[in-house]
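What follows is the content of query.cif, which has mmCIF, C-alpha atoms:
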```cif
data_start
loop_
_atom_site.label_atom_id
_atom_site.label_comp_id
_atom_site.auth_asym_id
_atom_site.auth_seq_id
_atom_site.Cartn_x
_atom_site.Cartn_y
_atom_site.Cartn_z
CA MET X 1 -21.69 11.78 7.13
CA ALA X 2 -21.96 15.39 5.96
CA ILE X 3 -24.34 16.09 3.06
CA ASP X 4 -23.29 18.41 0.27
CA ARG X 5 -26.04 21.03 0.12
CA GLY X 6 -24.29 23.73 -1.85
CA GLY X 7 -22.29 24.26 -5.01
CA GLY X 8 -19.36 25.70 -3.07
CA GLN X 9 -19.10 22.61 -0.92
CA GLY X 10 -19.29 20.42 -4.03
CA VAL X 11 -16.39 22.29 -5.60
CA GLY X 12 -14.41 21.93 -2.38
CA LYS X 13 -14.98 18.19 -2.34
CA LYS X 14 -13.91 17.89 -5.96
CA MET X 15 -10.74 19.84 -5.21
CA ARG X 16 -9.94 17.62 -2.24
CA LYS X 17 -10.58 14.51 -4.31
CA GLY X 18 -8.35 15.84 -7.07
CA THR X 19 -5.60 16.48 -4.55
CA ALA X 20 -5.99 12.94 -3.21
CA VAL X 21 -5.77 11.51 -6.72
CA ARG X 22 -2.58 13.46 -7.42
CA ALA X 23 -1.13 12.31 -4.11
CA ALA X 24 -1.92 8.70 -4.99
CA VAL X 25 -0.25 9.07 -8.39
CA VAL X 26 2.83 10.65 -6.82
CA MET X 27 2.99 7.93 -4.17
CA ALA X 28 2.76 5.18 -6.79
CA VAL X 29 5.50 6.76 -8.89
CA VAL X 30 7.73 7.41 -5.88
CA LEU X 31 7.45 3.85 -4.62
CA GLY X 32 8.02 2.60 -8.13
CA VAL X 33 11.19 4.67 -8.40
CA ALA X 34 12.31 3.28 -5.05
CA GLY X 35 11.79 -0.23 -6.34
CA CYS X 36 8.74 -1.21 -4.28
CA GLY X 37 6.16 -1.66 -7.02
CA THR X 38 4.07 -4.82 -7.05
CA GLY X 39 5.34 -5.91 -10.43
CA ASP X 40 3.28 -7.12 -13.37
CA GLY X 41 2.80 -10.69 -12.24
CA GLY X 42 5.44 -11.91 -14.68
CA ALA X 43 7.82 -14.83 -14.51
CA ASP X 44 9.88 -13.51 -11.61
CA ASP X 45 6.82 -12.97 -9.43
CA ALA X 46 5.24 -16.28 -10.40
CA GLY X 47 8.43 -18.14 -9.56
CA LYS X 48 8.42 -16.78 -6.01
CA ARG X 49 4.87 -17.91 -5.27
CA GLY X 50 5.93 -21.52 -4.94
CA GLY X 51 8.40 -20.65 -2.18
CA ALA X 52 6.04 -18.61 0.00
CA SER X 53 5.81 -19.71 3.62
CA ALA X 54 3.15 -19.11 6.23
CA ALA X 55 3.62 -16.04 8.44
CA PRO X 56 4.43 -16.55 12.12
CA SER X 57 1.74 -16.39 14.76
CA ALA X 58 0.42 -13.18 16.31
CA THR X 59 3.07 -10.60 17.13
CA PRO X 60 3.05 -8.68 20.45
CA ARG X 61 1.85 -5.07 20.03
CA ALA X 62 4.51 -2.48 20.79
CA GLU X 63 3.63 0.82 22.45
CA ASP X 64 2.80 3.28 19.69
CA THR X 65 4.23 6.65 20.75
CA GLY X 66 6.53 9.27 19.28
CA PRO X 67 7.40 9.82 15.62
CA VAL X 68 7.08 7.09 13.02
CA THR X 69 10.41 5.72 11.84
CA LYS X 70 11.33 3.29 9.11
CA ALA X 71 11.84 0.60 11.74
CA SER X 72 8.46 1.22 13.40
CA ALA X 73 6.68 1.33 10.02
CA GLN X 74 8.30 -1.95 9.00
CA ALA X 75 7.32 -3.46 12.34
CA ASP X 76 3.71 -2.28 11.87
CA ILE X 77 3.54 -3.83 8.41
CA GLU X 78 5.11 -7.17 9.27
CA ALA X 79 3.17 -7.53 12.54
CA SER X 80 -0.07 -6.69 10.71
CA ALA X 81 0.66 -9.33 8.08
CA ALA X 82 1.52 -11.90 10.74
CA ASP X 83 -1.55 -11.19 12.88
CA ALA X 84 -3.76 -11.38 9.77
CA GLY X 85 -2.31 -14.76 8.82
CA ALA X 86 -0.77 -13.43 5.60
CA PRO X 87 2.35 -14.98 4.02
CA ALA X 88 5.79 -14.06 5.29
CA ASN X 89 7.61 -11.16 3.65
CA ASP X 90 9.50 -12.03 0.46
CA PRO X 91 13.20 -12.21 1.49
CA ASP X 92 14.25 -10.31 -1.65
CA VAL X 93 11.97 -7.41 -0.72
CA ALA X 94 13.29 -7.40 2.83
CA GLU X 95 16.87 -7.27 1.52
CA MET X 96 16.16 -4.40 -0.90
CA THR X 97 14.31 -2.43 1.76
CA ALA X 98 17.41 -2.39 3.95
CA THR X 99 19.07 0.14 1.61
CA ARG X 100 16.05 2.40 1.01
CA CYS X 101 14.11 5.00 2.95
CA ASP X 102 10.83 3.07 2.73
CA ALA X 103 9.40 0.09 4.57
CA SER X 104 8.08 -2.70 2.36
CA TYR X 105 6.33 -6.05 2.40
CA ARG X 106 5.28 -8.46 -0.32
CA GLY X 107 3.46 -11.71 0.49
CA TYR X 108 2.72 -14.35 -2.14
CA GLY X 109 0.08 -17.03 -1.95
CA THR X 110 0.79 -20.63 -2.95
CA GLU X 111 -1.17 -23.33 -4.71
CA ASP X 112 -1.85 -24.90 -1.32
CA GLU X 113 -2.73 -21.63 0.41
CA LYS X 114 -3.87 -18.88 -1.90
CA VAL X 115 -4.09 -15.27 -0.74
CA GLY X 116 -7.60 -13.88 -1.12
CA LEU X 117 -9.27 -10.53 -0.67
CA GLU X 118 -10.39 -11.44 2.85
CA ARG X 119 -6.74 -11.88 3.88
CA TYR X 120 -5.89 -8.48 2.46
CA GLU X 121 -8.77 -6.89 4.34
CA ALA X 122 -7.53 -8.59 7.52
CA VAL X 123 -4.11 -6.98 6.99
CA ILE X 124 -5.82 -3.61 6.48
CA GLY X 125 -7.73 -4.09 9.72
CA GLU X 126 -4.51 -4.78 11.61
CA LEU X 127 -2.86 -1.69 10.11
CA ARG X 128 -5.87 0.41 11.17
CA GLU X 129 -5.48 -0.91 14.73
CA ARG X 130 -1.88 0.28 14.63
CA GLY X 131 -2.91 3.84 13.84
CA TRP X 132 -2.79 3.94 10.03
CA GLN X 133 -5.67 6.16 8.90
CA PRO X 134 -7.43 5.83 5.50
CA SER X 135 -6.36 8.51 3.03
CA PHE X 136 -7.40 7.48 -0.46
CA GLU X 137 -8.80 4.41 -2.22
CA VAL X 138 -8.37 3.56 -5.90
CA PRO X 139 -11.53 2.12 -7.52
CA GLU X 140 -11.51 -1.67 -7.48
CA ARG X 141 -10.78 -3.51 -10.70
CA LYS X 142 -12.98 -6.53 -11.46
CA ASP X 143 -12.99 -9.22 -14.14
CA GLU X 144 -15.85 -9.94 -16.52
CA ASN X 145 -17.55 -12.04 -13.85
CA GLY X 146 -17.49 -9.22 -11.32
CA THR X 147 -14.77 -10.80 -9.18
CA VAL X 148 -12.42 -8.27 -7.61
CA GLN X 149 -8.93 -8.57 -9.09
CA ILE X 150 -7.10 -5.47 -7.81
CA VAL X 151 -7.62 -3.34 -4.70
CA HIS X 152 -5.35 -0.43 -3.81
CA LYS X 153 -5.70 1.71 -0.69
CA TYR X 154 -3.61 4.47 0.90
CA PHE X 155 -3.16 5.33 4.57
CA THR X 156 -1.27 7.93 6.60
CA LYS X 157 0.33 8.00 10.03
CA ARG X 158 2.23 10.97 11.46
CA GLY X 159 3.96 12.09 8.26
CA TRP X 160 4.20 8.67 6.59
CA THR X 161 2.10 7.41 3.69
CA LEU X 162 1.34 3.71 3.26
CA SER X 163 0.23 1.97 0.07
CA ALA X 164 -1.51 -1.41 0.40
CA GLU X 165 -2.41 -3.38 -2.71
CA PHE X 166 -4.08 -6.74 -3.39
CA ARG X 167 -3.84 -8.66 -6.66
CA ALA X 168 -5.93 -11.79 -7.14
CA PHE X 169 -4.06 -13.13 -10.17
CA GLU X 170 -2.87 -16.74 -9.90
CA THR X 171 -2.30 -17.50 -6.20
CA GLY X 172 -2.74 -13.95 -4.94
CA LEU X 173 -0.41 -11.18 -3.77
CA ILE X 174 -0.45 -8.58 -1.00
CA SER X 175 2.01 -5.69 -1.31
CA VAL X 176 2.49 -2.95 1.29
CA SER X 177 4.92 -0.02 1.20
CA ALA X 178 5.30 2.96 3.54
CA ALA X 179 7.45 6.02 2.96
CA ASP X 180 8.46 9.04 4.98
CA LYS X 181 6.86 12.22 3.63
CA ALA X 182 10.25 13.96 3.59
CA CYS X 183 11.62 11.18 1.41
CA THR X 184 8.71 11.21 -1.02
CA ASP X 185 8.88 15.00 -1.25
CA GLU X 186 12.54 14.80 -2.20
CA ILE X 187 11.90 12.22 -4.92
CA ARG X 188 8.81 14.07 -6.15
CA SER X 189 10.90 17.22 -6.66
CA ARG X 190 12.97 15.29 -9.20
CA LEU X 191 10.03 13.79 -11.12
CA PRO X 192 9.36 15.16 -14.66
CA PHE X 193 5.83 16.37 -13.97
CA SER X 194 4.28 19.25 -12.11
CA GLU X 195 1.98 19.10 -9.10
CA ASP X 196 -1.14 18.92 -11.28
CA GLY X 197 0.13 15.71 -12.87
CA THR X 198 1.20 17.24 -16.19
CA ASP X 199 4.65 17.18 -17.74
CA GLY X 200 6.66 19.83 -15.94
CA GLN X 201 9.04 20.40 -18.83
#
```
Encoding of this model in structure tokens:
Amino acid sequence: MAIDRGGGQGVGKKMRKGTAVRAAVVMAVVLGVAGCGTGDGGADDAGKRGGASAAPSATPRAEDTGPVTKASAQADIEASAADAGAPANDPDVAEMTATRCDASYRGYGTEDEKVGLERYEAVIGELRERGWQPSFEVPERKDENGTVQIVHKYFTKRGWTLSAEFRAFETGLISVSAADKACTDEIRSRLPFSEDGTDGQ
């Protein structure tokens, strides 16, 4: 790991971190606009937890060459969830994704089989094996006992950005969304704030 030995390098790191923060904010807003947010854990989400089913067994690894497409991103996400033993994708999310430019997954735990942080980290490990490189990580949110409640990490792969979030509330939730950079750029151009995160009007 490189050590910051000069003021100029420190400023450069701060600038890069600021850029990463803005990118994370834009990604969250874009995916929210597209309808792939994780929700607030309300009644609709809670109702789906009871119907979650176990994911299928390990999925064969496809050859990873050429440009990333929506289909290949979706395959990466669902195969990673399956190989990590995470719940199957919510059918409603799969149906909505069919009409959008992004790839999405949302897996709910159940009372019998809750989704914990270790399962989320297993999904992250599978995504890393499929070429998704860490880009930015939001600070973890913990409860008063120090137990991690929310983890949110971002990854990139050949022009695509992937958001992976874990929520420990109730039976647990893992949510993953990936979007083409061209698509996010188009949506970002229509958002009411400038590149520095301020209101563009």
> Could you work out how far CA of Asp90 (chain X) lies from CA of Gly66 (chain X), giving the answer in Å with one decimal?
Replying inline: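 Between these atoms lies a distance of 28.6 Å.
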Excluding Asp143 (chain X) and any residue of its chain fewer than 5 positions from it, enumerate the residues within 12 Å of it, using only C-alpha atoms, and give them as a compact mmCIF listing (two decimals) with C-alpha atoms, in the coordinates of the input.
```txt
# COMPACT_ATOMS: atom_id res chain seq x y z
CA VAL X 148 -12.42 -8.27 -7.61
CA GLN X 149 -8.93 -8.57 -9.09
CA ILE X 150 -7.10 -5.47 -7.81
CA ARG X 167 -3.84 -8.66 -6.66
CA ALA X 168 -5.93 -11.79 -7.14
CA PHE X 169 -4.06 -13.13 -10.17
```
>> Which residues are near region 95-108 of chain X? Cut-off 6 Å, all atoms listed in the file, ignore same chain within fewer than 4 positions. Put them as a PyMOL selection string.
In response: chain X and resi 49+52+70+74+87-90+173-179
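CA of Thr171 (chain X) is found 26.9 Å from CA of Glu129 (chain X).
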> When distances are computed from all atoms listed in the file, which of X:Ser72, X:Thr147, X:Thr161, X:Ser80 shows the smallest separation from Gly125 (chain X)?
Replying inline: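 For Gly125 (chain X), the nearest of the given residues is X:Ser80.
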> What is the distance between CA of Asp180 (chain X) and CA of Arg128 (chain X), in Å to one decimal?
Replying inline: 17.8 Å
> Mind telling me what the PyMOL selection byres ((chain X and resi 114) around 9) catches here, as a ChimeraX atom specification?
Replying inline: /X:108-113,115-116,170-173
> X:Gln133, X:Ala75, X:Tyr120, X:Ala182: which is nearest Val151 (chain X), counting all atoms listed in the file?
Replying inline: X:Tyr120
